[in-house]
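Engineer: For reference, this is model.txt, and it has compact mmCIF, C-alpha atoms.
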# COMPACT_ATOMS: atom_id res chain seq x y z
CA MET I 78 30.60 4.97 -7.50
CA ASN I 79 27.69 7.31 -8.08
CA SER I 80 28.36 7.75 -11.81
CA LEU I 81 28.83 4.00 -12.20
CA THR I 82 25.56 3.36 -10.42
CA ARG I 83 23.84 5.97 -12.52
CA GLU I 84 25.10 4.51 -15.80
CA GLN I 85 24.16 0.99 -14.82
CA LEU I 86 20.78 2.10 -13.65
CA MET I 87 20.06 3.93 -16.89
CA ALA I 88 21.08 0.82 -18.82
CA ALA I 89 18.90 -1.40 -16.63
CA VAL I 90 15.93 0.91 -17.03
CA ALA I 91 16.39 1.02 -20.79
CA GLU I 92 16.48 -2.80 -20.89
CA THR I 93 13.57 -3.39 -18.52
CA ARG I 94 10.15 -3.18 -20.07
CA SER I 95 7.53 -1.32 -18.09
CA PRO I 96 4.14 -0.24 -19.39
CA THR I 97 3.37 3.41 -19.87
CA ARG I 98 0.33 5.06 -18.34
CA ARG I 99 -1.68 4.66 -21.53
CA GLN I 100 -0.91 0.94 -21.70
CA VAL I 101 -1.86 0.52 -18.04
CA GLN I 102 -5.16 2.33 -18.60
CA THR I 103 -6.00 0.14 -21.60
CA ARG I 104 -5.10 -3.00 -19.68
CA ARG I 105 -7.20 -1.84 -16.73
CA ARG I 106 -10.29 -1.12 -18.83
CA LEU I 107 -10.11 -4.38 -20.76
CA SER I 108 -9.54 -6.63 -17.77
CA LEU I 109 -12.27 -5.02 -15.66
CA LEU I 110 -14.68 -5.12 -18.58
CA ALA I 111 -13.93 -8.82 -19.07
CA ALA I 112 -14.57 -9.47 -15.36
CA VAL I 113 -17.88 -7.59 -15.39
CA VAL I 114 -19.04 -9.47 -18.50
CA TRP I 115 -18.02 -12.77 -16.91
CA MET I 116 -19.80 -11.98 -13.62
CA CYS I 117 -23.02 -10.84 -15.30
CA GLY I 118 -22.90 -13.82 -17.66
CA VAL I 119 -22.51 -16.33 -14.85
CA PHE I 120 -25.22 -14.59 -12.81
CA VAL I 121 -27.69 -14.74 -15.70
CA SER I 122 -26.79 -18.33 -16.55
CA VAL I 123 -27.58 -19.53 -13.00
CA GLY I 124 -30.99 -17.88 -13.05
CA ALA I 125 -30.27 -14.35 -11.84
CA PHE I 126 -32.91 -12.80 -9.57
CA ALA I 127 -35.55 -15.34 -10.66
CA HIS I 128 -33.79 -17.88 -8.46
CA SER I 129 -34.58 -15.82 -5.36
CA ALA I 130 -38.29 -15.37 -6.23
CA ALA I 131 -39.27 -17.13 -2.98
CA ARG I 132 -38.10 -14.05 -1.09
CA PRO I 133 -40.06 -10.77 -1.21
CA THR I 134 -38.84 -8.52 -4.01
CA PHE I 135 -38.26 -5.54 -1.72
CA ALA I 136 -36.03 -7.66 0.52
CA THR I 137 -33.98 -8.87 -2.45
CA ALA I 138 -33.67 -5.27 -3.68
CA ALA I 139 -32.68 -3.97 -0.24
CA ILE I 140 -30.14 -6.74 0.35
CA THR I 141 -28.60 -6.23 -3.07
CA LEU I 142 -28.56 -2.46 -2.72
CA GLY I 143 -27.01 -2.59 0.75
CA LEU I 144 -24.27 -4.94 -0.40
CA CYS I 145 -23.73 -2.72 -3.44
CA VAL I 146 -23.12 0.23 -1.12
CA LEU I 147 -20.64 -1.88 0.86
CA ALA I 148 -18.87 -2.98 -2.32
CA VAL I 149 -18.69 0.56 -3.70
CA THR I 150 -17.42 1.95 -0.39
CA SER I 151 -14.75 -0.72 0.00
CA THR I 152 -13.71 -0.34 -3.63
CA ALA I 153 -13.35 3.41 -3.11
CA ALA I 154 -11.28 2.84 0.04
CA VAL I 155 -8.89 0.46 -1.72
CA LEU I 156 -8.71 1.84 -5.27
CA ARG I 157 -9.17 5.57 -4.77
CA ARG I 158 -6.52 7.83 -6.22
CA SER I 159 -4.45 9.38 -3.44
CA ALA I 160 -2.03 12.30 -3.32
CA THR I 161 0.91 9.99 -4.03
CA PRO I 162 1.28 6.67 -5.86
CA ILE I 163 1.78 4.99 -2.47
CA GLY I 164 -1.95 4.28 -2.28
CA PRO I 165 -3.97 3.55 0.85
CA SER I 166 -2.08 2.91 4.06
CA HIS I 167 -1.46 -0.59 5.37
CA LEU I 168 -3.95 0.14 8.16
CA THR I 169 -6.72 1.19 5.75
CA LEU I 170 -6.19 -1.95 3.68
CA ALA I 171 -6.16 -4.20 6.73
CA ILE I 172 -9.32 -2.65 8.21
CA THR I 173 -11.17 -2.85 4.88
CA THR I 174 -10.15 -6.48 4.41
CA ALA I 175 -11.23 -7.44 7.91
CA LEU I 176 -14.52 -5.52 7.91
CA ILE I 177 -16.02 -6.76 4.65
CA PRO I 178 -16.88 -10.34 5.75
CA PHE I 179 -18.41 -9.07 9.00
CA ALA I 180 -20.39 -6.37 7.19
CA VAL I 181 -21.78 -8.94 4.74
CA LEU I 182 -22.73 -11.27 7.59
CA GLY I 183 -24.32 -8.41 9.53
CA TRP I 184 -26.37 -7.18 6.56
CA LEU I 185 -27.60 -10.67 5.63
CA SER I 186 -28.48 -11.38 9.27
CA PHE I 187 -30.42 -8.11 9.44
CA TRP I 188 -32.67 -9.34 6.60
CA GLN I 189 -33.05 -12.83 8.05
CA PRO I 190 -36.82 -12.39 8.76
CA ALA I 191 -37.45 -11.80 5.05
CA ALA I 192 -35.59 -14.94 3.94
CA ALA I 193 -37.43 -17.79 2.22
CA HIS I 194 -38.51 -20.66 4.45
CA GLY I 195 -37.73 -24.31 3.87
CA ASP I 196 -34.78 -26.66 3.99
CA VAL I 197 -31.53 -24.76 3.87
CA PRO I 198 -28.69 -26.61 2.13
CA ALA I 199 -25.10 -26.48 3.30
CA GLY I 200 -24.23 -23.74 0.85
CA TRP I 201 -21.90 -25.41 -1.64
CA ARG I 202 -23.60 -23.72 -4.59
CA CYS I 203 -23.53 -20.27 -2.97
CA SER I 204 -19.93 -20.79 -2.01
CA GLY I 205 -19.05 -21.93 -5.52
CA LEU I 206 -20.88 -18.99 -7.08
CA THR I 207 -19.15 -16.47 -4.80
CA LEU I 208 -15.76 -17.98 -5.56
CA VAL I 209 -16.33 -18.23 -9.32
CA LEU I 210 -17.44 -14.59 -9.50
CA GLY I 211 -14.92 -13.28 -6.98
CA LEU I 212 -11.92 -15.06 -8.47
CA ALA I 213 -12.63 -13.54 -11.87
CA LEU I 214 -12.78 -10.04 -10.42
CA LEU I 215 -9.72 -10.63 -8.26
CA ALA I 216 -7.76 -11.87 -11.25
CA ALA I 217 -8.88 -8.82 -13.24
CA LEU I 218 -7.88 -6.43 -10.44
CA ALA I 219 -4.51 -8.11 -10.02
CA PHE I 220 -3.85 -8.12 -13.75
CA ALA I 221 -4.99 -4.51 -14.14
CA ASN I 222 -2.73 -3.36 -11.31
CA ARG I 223 0.18 -5.68 -12.04
CA ALA I 224 3.53 -4.34 -10.76
CA SER I 225 1.85 -1.32 -9.22
CA ASP I 226 2.77 -1.59 -5.55
CA ALA I 227 6.30 -1.31 -4.23
CA ILE I 228 5.46 -1.00 -0.56
CA HIS I 229 2.74 -3.35 0.71
CA PRO I 230 1.65 -5.73 -2.10
CA ARG I 231 0.41 -8.44 0.27
CA SER I 232 -1.95 -6.09 2.09
CA LEU I 233 -3.11 -4.75 -1.25
CA GLY I 234 -3.67 -8.27 -2.61
CA ALA I 235 -5.72 -9.24 0.44
CA ALA I 236 -7.78 -6.06 0.11
CA TYR I 237 -8.39 -6.75 -3.59
CA GLY I 238 -9.55 -10.24 -2.64
CA ALA I 239 -11.97 -8.87 -0.05
CA VAL I 240 -13.28 -6.24 -2.47
CA ALA I 241 -13.78 -8.91 -5.14
CA GLY I 242 -15.59 -10.95 -2.50
CA ALA I 243 -17.83 -7.98 -1.65
CA TRP I 244 -18.90 -7.65 -5.30
CA ALA I 245 -19.38 -11.42 -5.60
CA ALA I 246 -21.51 -11.28 -2.45
CA VAL I 247 -23.84 -8.79 -4.17
CA PHE I 248 -24.61 -11.34 -6.89
CA ALA I 249 -24.68 -14.36 -4.57
CA ALA I 250 -27.08 -12.67 -2.13
CA GLY I 251 -29.29 -11.53 -5.00
CA TRP I 252 -29.41 -15.11 -6.22
CA CYS I 253 -29.84 -16.99 -2.92
CA PRO I 254 -33.12 -16.38 -1.04
CA LEU I 255 -32.15 -18.41 2.05
CA PHE I 256 -30.74 -17.54 5.44
CA ASP I 257 -29.36 -19.86 8.05
CA LEU I 258 -26.24 -19.02 10.01
CA PRO I 259 -24.17 -22.08 8.97
CA HIS I 260 -25.34 -21.69 5.36
CA THR I 261 -24.60 -17.97 5.29
CA LEU I 262 -21.21 -18.44 6.86
CA PHE I 263 -20.19 -21.29 4.59
CA GLY I 264 -21.80 -20.04 1.39
CA HIS I 265 -21.45 -16.27 1.63
CA VAL I 266 -18.92 -15.15 4.23
CA ILE I 267 -16.09 -17.70 4.30
CA PRO I 268 -15.58 -17.44 0.51
CA ILE I 269 -14.83 -13.73 0.99
CA ALA I 270 -12.15 -14.59 3.53
CA MET I 271 -10.84 -17.23 1.13
CA LEU I 272 -10.67 -14.65 -1.65
CA ALA I 273 -8.70 -12.34 0.65
CA ALA I 274 -6.28 -15.19 1.31
CA VAL I 275 -5.98 -15.87 -2.42
CA GLY I 276 -5.32 -12.14 -2.87
CA VAL I 277 -2.19 -12.52 -0.74
CA VAL I 278 -0.98 -15.12 -3.23
CA PHE I 279 -1.52 -12.57 -6.01
CA ALA I 280 0.89 -10.22 -4.19
CA ARG I 281 3.75 -11.43 -6.38
CA LEU I 282 1.86 -10.14 -9.38
CA LEU I 283 1.10 -6.81 -7.73
CA ALA I 284 4.62 -6.16 -6.47
CA ALA I 285 6.66 -3.68 -8.47
CA ASN I 286 9.68 -5.92 -8.37
CA PRO I 287 11.65 -5.80 -11.61
CA ARG I 288 13.69 -8.84 -12.53
CA VAL I 289 16.95 -7.18 -13.47
CA SER I 290 20.49 -7.63 -12.31
CA THR I 291 21.83 -4.74 -10.28
CA ASP I 292 25.23 -6.28 -9.70
CA ARG I 293 27.76 -3.48 -9.76
CA SER I 294 30.73 -5.71 -10.38
CA GLY I 295 30.19 -6.05 -14.08
CA MET T 201 7.54 12.05 -13.60
CA ASP T 202 4.52 12.76 -15.75
CA ARG T 203 6.60 12.72 -18.94
CA TYR T 204 8.31 9.56 -17.80
CA ALA T 205 4.99 7.85 -17.04
CA MET T 206 3.91 8.63 -20.59
CA GLY T 207 6.97 6.83 -21.96
CA ASP T 208 9.68 9.52 -22.19
CA LEU T 209 12.74 7.60 -20.95
CA ALA T 210 14.94 10.72 -21.05
CA ALA T 211 12.81 12.18 -18.26
CA PHE T 212 14.05 9.39 -16.01
CA GLU T 213 17.49 10.98 -15.85
CA VAL T 214 15.97 14.25 -14.66
CA LEU T 215 13.99 12.33 -12.07
CA TYR T 216 17.08 10.46 -10.93
CA ASP T 217 19.19 13.58 -10.63
CA GLY T 218 16.52 15.31 -8.59
CA LEU T 219 15.72 12.46 -6.23
CA ALA T 220 18.87 10.39 -5.82
CA PRO T 221 20.79 12.90 -3.66
CA ARG T 222 17.87 13.22 -1.25
CA LEU T 223 17.44 9.47 -1.03
CA ARG T 224 21.17 9.02 -0.55
CA ALA T 225 21.18 11.53 2.30
CA MET T 226 18.19 9.85 3.92
CA LEU T 227 19.72 6.37 3.71
CA ARG T 228 23.16 7.45 4.89
CA ARG T 229 21.58 9.24 7.83
CA ARG T 230 20.01 5.93 8.80
CA HIS T 231 23.43 4.28 8.95
CA CYS T 232 23.34 2.43 5.64
CA ASP T 233 26.88 1.93 4.34
CA ALA T 234 27.80 3.31 0.92
CA ALA T 235 27.33 0.04 -0.98
CA LEU T 236 23.96 -0.69 0.58
CA THR T 237 22.86 2.89 0.01
CA GLU T 238 23.63 2.74 -3.71
CA ASP T 239 21.99 -0.65 -4.00
CA LEU T 240 18.83 0.59 -2.29
CA ILE T 241 18.73 3.68 -4.51
CA GLN T 242 18.98 1.46 -7.60
CA GLN T 243 16.23 -0.79 -6.31
CA THR T 244 14.04 2.19 -5.50
CA PHE T 245 14.34 3.61 -9.00
CA LEU T 246 13.81 0.21 -10.62
CA ARG T 247 10.59 -0.20 -8.65
CA MET T 248 9.48 3.25 -9.66
CA HIS T 249 10.30 2.31 -13.24
CA ALA T 250 8.23 -0.88 -12.98
CA ALA T 251 5.25 1.03 -11.58
CA ARG T 252 5.54 4.20 -13.67
CA GLY T 253 2.39 3.43 -15.68
CA HIS T 254 0.34 3.63 -12.48
CA TYR T 255 1.49 7.16 -11.73
CA CYS T 256 -1.31 9.70 -12.19
CA ARG T 257 -0.76 13.30 -13.20
CA GLY T 258 -0.34 15.59 -10.19
CA GLN T 259 0.65 12.94 -7.67
CA GLU T 260 3.64 13.67 -5.44
CA VAL T 261 6.78 11.72 -6.27
CA VAL T 262 9.07 12.49 -3.31
CA PRO T 263 6.99 10.71 -0.64
CA TRP T 264 6.61 7.74 -2.98
CA ALA T 265 10.36 7.44 -3.52
CA PHE T 266 11.04 7.85 0.20
CA ALA T 267 8.43 5.25 1.10
CA ILE T 268 9.89 2.71 -1.33
CA ALA T 269 13.45 3.37 -0.14
CA ARG T 270 12.38 3.09 3.48
CA ARG T 271 10.59 -0.20 2.81
CA LEU T 272 13.63 -1.60 1.00
CA MET T 273 15.91 -0.45 3.81
CA ILE T 274 13.79 -2.21 6.43
CA ASP T 275 13.72 -5.36 4.30
CA ALA T 276 17.48 -5.24 3.83
CA TRP T 277 18.05 -4.83 7.55
CA ARG T 278 15.74 -7.68 8.34
CA ARG T 279 17.47 -9.86 5.78
CA SER T 280 21.00 -9.27 6.79
CA ARG T 281 20.61 -8.49 10.52
CA ARG T 282 23.77 -6.55 10.06
CA GLU T 283 25.16 -4.39 12.82
CA HIS T 284 25.61 -0.78 11.74
CA GLY T 285 27.93 1.70 13.38
CA ARG T 286 26.60 4.95 14.71
CA PRO T 287 28.17 7.95 12.99
CA GLU T 288 28.71 11.19 14.75
CA ARG T 289 25.51 13.14 14.46
CA THR T 290 26.15 16.11 16.70
CA THR T 291 26.75 19.55 15.33
CA VAL T 292 26.27 22.57 17.50
CA ALA T 293 27.01 26.15 16.64
CA THR T 294 30.40 27.21 17.93
CA LEU T 295 30.22 29.43 20.94
CA SER T 296 33.01 31.53 22.28
CA GLY T 297 34.95 30.64 25.40
CA PRO T 298 35.78 27.34 27.12
CA GLU T 299 32.72 27.37 29.37
CA GLU T 300 30.35 27.81 26.42
CA ASP T 301 32.17 25.02 24.56
CA LEU T 302 31.66 22.70 27.50
CA ILE T 303 27.96 23.56 27.63
CA ALA T 304 27.66 23.10 23.86
CA ASP T 305 29.36 19.70 24.09
CA GLU T 306 27.07 18.66 26.90
CA ILE T 307 23.96 19.81 25.00
CA ALA T 308 25.13 17.97 21.88
CA ARG T 309 25.80 14.79 23.84
CA ARG T 310 22.42 14.90 25.55
CA LEU T 311 20.57 15.67 22.32
CA ALA T 312 22.30 12.83 20.48
CA ARG T 313 21.49 10.42 23.28
CA THR T 314 17.89 11.61 23.47
CA ILE T 315 17.41 11.30 19.71
CA ASP T 316 18.80 7.77 19.86
CA GLU T 317 16.44 6.93 22.69
CA LEU T 318 13.31 8.35 21.04
CA PRO T 319 10.59 5.75 20.41
CA PRO T 320 10.96 4.46 16.82
CA LEU T 321 7.71 6.10 15.65
CA HIS T 322 8.74 9.52 17.01
CA ARG T 323 12.28 9.14 15.71
CA GLU T 324 11.13 8.25 12.20
CA ALA T 325 8.80 11.24 11.96
CA PHE T 326 11.42 13.57 13.46
CA ASP T 327 14.12 12.38 11.04
CA LEU T 328 11.93 12.67 7.95
CA VAL T 329 10.79 16.20 8.79
CA LYS T 330 13.84 17.71 10.43
CA MET T 331 16.70 15.81 8.76
CA ASP T 332 15.30 14.89 5.34
CA GLY T 333 13.29 18.06 4.82
CA LEU T 334 9.95 16.46 4.03
CA THR T 335 6.77 18.33 4.82
CA ILE T 336 4.36 17.05 7.47
CA GLU T 337 1.97 15.92 4.71
CA GLU T 338 4.73 14.09 2.81
CA THR T 339 5.90 12.41 6.00
CA ALA T 340 2.35 11.25 6.71
CA GLN T 341 2.22 9.71 3.23
CA VAL T 342 5.58 7.98 3.65
CA LEU T 343 4.65 6.51 7.01
CA GLY T 344 1.08 5.71 6.03
CA THR T 345 -0.56 7.69 8.78
CA THR T 346 -2.39 10.97 9.34
CA VAL T 347 -1.01 14.51 9.46
CA ASN T 348 -2.19 14.87 13.05
CA ALA T 349 -0.35 11.72 14.09
CA ILE T 350 2.87 13.09 12.58
CA LYS T 351 2.40 16.45 14.34
CA LEU T 352 1.88 14.64 17.61
CA ARG T 353 4.97 12.47 17.15
CA ILE T 354 7.16 15.46 16.34
CA HIS T 355 5.72 17.38 19.27
CA ARG T 356 6.57 14.49 21.57
CA ALA T 357 10.07 14.29 20.10
CA TYR T 358 10.54 18.02 20.78
CA GLN T 359 9.30 17.59 24.31
CA SER T 360 11.88 14.87 24.90
CA LEU T 361 14.66 17.01 23.43
CA ARG T 362 13.60 20.03 25.45
CA SER T 363 13.55 18.15 28.71
CA ALA T 364 16.97 16.65 27.93
CA THR T 365 18.57 20.08 27.74
CA GLU T 366 16.79 21.65 30.68
CA GLY T 367 19.10 23.14 33.28
CA LEU T 368 21.91 23.78 30.79
CA LYS T 369 20.73 27.17 29.49
If you convert what's in this file into structure tokens, what do you get?
Structural biologist:
Amino acid sequence: MNSLTREQLMAAVAETRSPTRRQVQTRRRLSLLAAVVWMCGVFVSVGAFAHSAARPTFATAAITLGLCVLAVTSTAAVLRRSATPIGPSHLTLAITTALIPFAVLGWLSFWQPAAAHGDVPAGWRCSGLTLVLGLALLAALAFANRASDAIHPRSLGAAYGAVAGAWAAVFAAGWCPLFDLPHTLFGHVIPIAMLAAVGVVFARLLAANPRVSTDRSG
Amino acid sequence: MDRYAMGDLAAFEVLYDGLAPRLRAMLRRRHCDAALTEDLIQQTFLRMHAARGHYCRGQEVVPWAFAIARRLMIDAWRRSRREHGRPERTTVATLSGPEEDLIADEIARRLARTIDELPPLHREAFDLVKMDGLTIEETAQVLGTTVNAIKLRIHRAYQSLRSATEGLK
């Protein structure tokens, strides 16, 4: 049985296409570059930092910098190279995914006194901006790491979604000078949770699940 | 694995020959029947094949293969809800004389029962280190936890085994 299994496996492996490391690296660079270009392009097209001119410059800089630190930290936690290809543990991914929305809310609330005054809209535009930016990055992350996880792809997908949301929050908070709890929740925090949920859907793409027949009968 | 990740398909055979026996032993020890074991080994290697481009130079392969096989085994058990028989797992060094044999049998019986009754987390760590020959670090990677947590689980497992054989020495 062992030799039969071995022969069949070798045949299946020979027939199943899988990218080499070099191809994966190229794919990773191109997709992440495309996402960064898209995010910067959208940010500039909606007015960039000029849109948040009603808020003091130092507050905009501090908010953006703080969220950048959060995004970098969470990216490092999820994407860092570990001692094995297993990647971060399920617990690390779950904690990172859960903490990001709360951290964004906490940081924006901390800078509430510096927010611009006036009528605060519901937050459709902020929500839309966060989703448009975050979805692009999430799609790039999922495409770059396609078929990479054989153990916990759903947790990884959710974490990618949250990380994409953290980076989108950097741009959205740099663009929006307002603070109001319902607005911040609807426009800045809930989209991150939505991106994490969408990341779970991307799990099928992330799963290292080859479509080959392993039937030993023939 | 490094050669294989760079596209050398011949290196896959070397990888298979090195890993398959260890995976087979691990799966059989966890009461997978022969057919399921071979199927899980195939699936494990096909997943490694699909993800080979994401392997970075210097990363450890054994914990990765064990973690994939373990995940597949759990999924298979959940899917089928099959009942598996418990093979004999007791081997004790032969002692001389009928009295020593009786004591050895009793120790073996108690140890087997205690191992079966270990909490799943302790049992998993104990099996991977003591039965499958993984290091503490590799076991921590497979189970997605810290080295200290694995040391603690194995220590607790030892404590249980020690207390089970007390009074028989």
Engineer: May I ask which of the residues I:Thr150, I:Thr161, I:Thr93, I:Gln102 is the closest one to chain T, counting all atoms listed in the file?
Structural biologist: I:Thr161
Engineer: List as a tab-separated table (two decimals) with C-alpha atoms, keeping the file's coordinate frame the protein and nucleic acid residues near Ile354 (chain T), meaning an atom at most 8 Å away when all atoms listed in the file are counted, but skip any in the same chain fewer than 6 places from it.
Structural biologist:
chain	number	residue	atom	x	y	z
T	322	HIS	CA	8.74	9.52	17.01
T	325	ALA	CA	8.80	11.24	11.96
T	326	PHE	CA	11.42	13.57	13.46
Engineer: Find the residues of chain T in contact range of chain I, meaning any atom within 10 Å when counting all atoms listed in the file, and list them as a ChimeraX atom specification.
Structural biologist: /T:202-210,212-213,216-217,220-221,234-235,238-239,241-265,267-272,337-338,340-346
Engineer: Output the selection as a short mmCIF file (atom, residue, chain, number, x, y, z; two decimals), keeping the file's coordinate frame - C-alpha atoms for each residue.
Structural biologist:
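That gives us part_9.cif:
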data_model
loop_
_atom_site.label_atom_id
_atom_site.label_comp_id
_atom_site.auth_asym_id
_atom_site.auth_seq_id
_atom_site.Cartn_x
_atom_site.Cartn_y
_atom_site.Cartn_z
CA ASP T 202 4.52 12.76 -15.75
CA ARG T 203 6.60 12.72 -18.94
CA TYR T 204 8.31 9.56 -17.80
CA ALA T 205 4.99 7.85 -17.04
CA MET T 206 3.91 8.63 -20.59
CA GLY T 207 6.97 6.83 -21.96
CA ASP T 208 9.68 9.52 -22.19
CA LEU T 209 12.74 7.60 -20.95
CA ALA T 210 14.94 10.72 -21.05
CA PHE T 212 14.05 9.39 -16.01
CA GLU T 213 17.49 10.98 -15.85
CA TYR T 216 17.08 10.46 -10.93
CA ASP T 217 19.19 13.58 -10.63
CA ALA T 220 18.87 10.39 -5.82
CA PRO T 221 20.79 12.90 -3.66
CA ALA T 234 27.80 3.31 0.92
CA ALA T 235 27.33 0.04 -0.98
CA GLU T 238 23.63 2.74 -3.71
CA ASP T 239 21.99 -0.65 -4.00
CA ILE T 241 18.73 3.68 -4.51
CA GLN T 242 18.98 1.46 -7.60
CA GLN T 243 16.23 -0.79 -6.31
CA THR T 244 14.04 2.19 -5.50
CA PHE T 245 14.34 3.61 -9.00
CA LEU T 246 13.81 0.21 -10.62
CA ARG T 247 10.59 -0.20 -8.65
CA MET T 248 9.48 3.25 -9.66
CA HIS T 249 10.30 2.31 -13.24
CA ALA T 250 8.23 -0.88 -12.98
CA ALA T 251 5.25 1.03 -11.58
CA ARG T 252 5.54 4.20 -13.67
CA GLY T 253 2.39 3.43 -15.68
CA HIS T 254 0.34 3.63 -12.48
CA TYR T 255 1.49 7.16 -11.73
CA CYS T 256 -1.31 9.70 -12.19
CA ARG T 257 -0.76 13.30 -13.20
CA GLY T 258 -0.34 15.59 -10.19
CA GLN T 259 0.65 12.94 -7.67
CA GLU T 260 3.64 13.67 -5.44
CA VAL T 261 6.78 11.72 -6.27
CA VAL T 262 9.07 12.49 -3.31
CA PRO T 263 6.99 10.71 -0.64
CA TRP T 264 6.61 7.74 -2.98
CA ALA T 265 10.36 7.44 -3.52
CA ALA T 267 8.43 5.25 1.10
CA ILE T 268 9.89 2.71 -1.33
CA ALA T 269 13.45 3.37 -0.14
CA ARG T 270 12.38 3.09 3.48
CA ARG T 271 10.59 -0.20 2.81
CA LEU T 272 13.63 -1.60 1.00
CA GLU T 337 1.97 15.92 4.71
CA GLU T 338 4.73 14.09 2.81
CA ALA T 340 2.35 11.25 6.71
CA GLN T 341 2.22 9.71 3.23
CA VAL T 342 5.58 7.98 3.65
CA LEU T 343 4.65 6.51 7.01
CA GLY T 344 1.08 5.71 6.03
CA THR T 345 -0.56 7.69 8.78
CA THR T 346 -2.39 10.97 9.34
#
Engineer: In Å, with one decimal, what is the gap from CA of Met271 (chain I) to CA of Ala136 (chain I)?
Structural biologist: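 Computing it gives 27.0 Å between the two atoms.
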Engineer: Taking (18.0, 10.5, 24.0) as a centre in this file's frame and 12 Å as the limit, can you find every polymer residue with an atom that close, using only C-alpha atoms, and give them as a list of chain:residue names?
Structural biologist: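 Residues satisfying the cut-off, written out: T:Ile307, T:Ala308, T:Arg309, T:Arg310, T:Leu311, T:Ala312, T:Arg313, T:Thr314, T:Ile315, T:Asp316, T:Glu317, T:Leu318, T:Pro319, T:Pro320, T:His322, T:Arg323, T:Ala357, T:Tyr358, T:Gln359, T:Ser360, T:Leu361, T:Arg362, T:Ser363, T:Ala364, T:Thr365.
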Engineer: What gap, in Å, lies between CA of Gly118 (chain I) and CA of Leu206 (chain I)?
Structural biologist: 11.9 Å
Engineer: Work out how far apart CA of Val266 (chain I) and CA of Leu182 (chain I) are and give it in Å to one decimal.
Structural biologist: 6.4 Å
Engineer: Taking (-26.7, -10.4, 6.4) in the file's coordinates, which residues come within 10 Å, counting all atoms listed in the file, written as JSON, numbers by chain?
Structural biologist: {"I": [140, 143, 144, 178, 179, 180, 181, 182, 183, 184, 185, 186, 187, 188, 189, 250, 256, 257, 258, 261, 262, 265, 266]}
Engineer: Just the selected residues (C-alpha atoms), exported as a compact mmCIF listing (two decimals), in the coordinates of the input, please.
Structural biologist:
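This went into selection.txt:
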# COMPACT_ATOMS: atom_id res chain seq x y z
CA ILE I 140 -30.14 -6.74 0.35
CA GLY I 143 -27.01 -2.59 0.75
CA LEU I 144 -24.27 -4.94 -0.40
CA PRO I 178 -16.88 -10.34 5.75
CA PHE I 179 -18.41 -9.07 9.00
CA ALA I 180 -20.39 -6.37 7.19
CA VAL I 181 -21.78 -8.94 4.74
CA LEU I 182 -22.73 -11.27 7.59
CA GLY I 183 -24.32 -8.41 9.53
CA TRP I 184 -26.37 -7.18 6.56
CA LEU I 185 -27.60 -10.67 5.63
CA SER I 186 -28.48 -11.38 9.27
CA PHE I 187 -30.42 -8.11 9.44
CA TRP I 188 -32.67 -9.34 6.60
CA GLN I 189 -33.05 -12.83 8.05
CA ALA I 250 -27.08 -12.67 -2.13
CA PHE I 256 -30.74 -17.54 5.44
CA ASP I 257 -29.36 -19.86 8.05
CA LEU I 258 -26.24 -19.02 10.01
CA THR I 261 -24.60 -17.97 5.29
CA LEU I 262 -21.21 -18.44 6.86
CA HIS I 265 -21.45 -16.27 1.63
CA VAL I 266 -18.92 -15.15 4.23
Engineer: Choose the residue, out of I:Gly251, I:Gly205, I:Gly242, I:Pro230, that has the smallest atom-to-atom separation from Phe126 (chain I); count all atoms listed in the file.
Structural biologist: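 Of I:Gly251, I:Gly205, I:Gly242, I:Pro230, the one nearest Phe126 (chain I), counting all atoms listed in the file, is I:Gly251.
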Engineer: Set the distance at 9 Å and use only C-alpha atoms: which residues neighbour Val119 (chain I) once local chain neighbours fewer than 5 positions away are removed? I'd like the list as a PyMOL selection string.
Structural biologist: chain I and resi 114+124-125+206+209-210
Engineer: Contacts of Pro268 (chain I) at 7 Å or less, counting all atoms listed in the file, minus same-chain residues fewer than 5 places along, as a PyMOL selection string?
Structural biologist: chain I and resi 204+207-208
Engineer: For Ile172 (chain I), which residue out of I:Ser232, I:Thr134, I:Thr141, I:Ser129 is the nearest one, using all atoms listed in the file?
Structural biologist: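 Ranked by minimum distance to Ile172 (chain I), first place goes to I:Ser232.
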Engineer: Between T:Glu306, T:Arg353, T:Val329, T:Phe266, which has the minimum distance to Glu366 (chain T) (counting all atoms listed in the file)?
Structural biologist: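 Once distances to Glu366 (chain T) are computed over all atoms listed in the file, the minimum belongs to T:Glu306.
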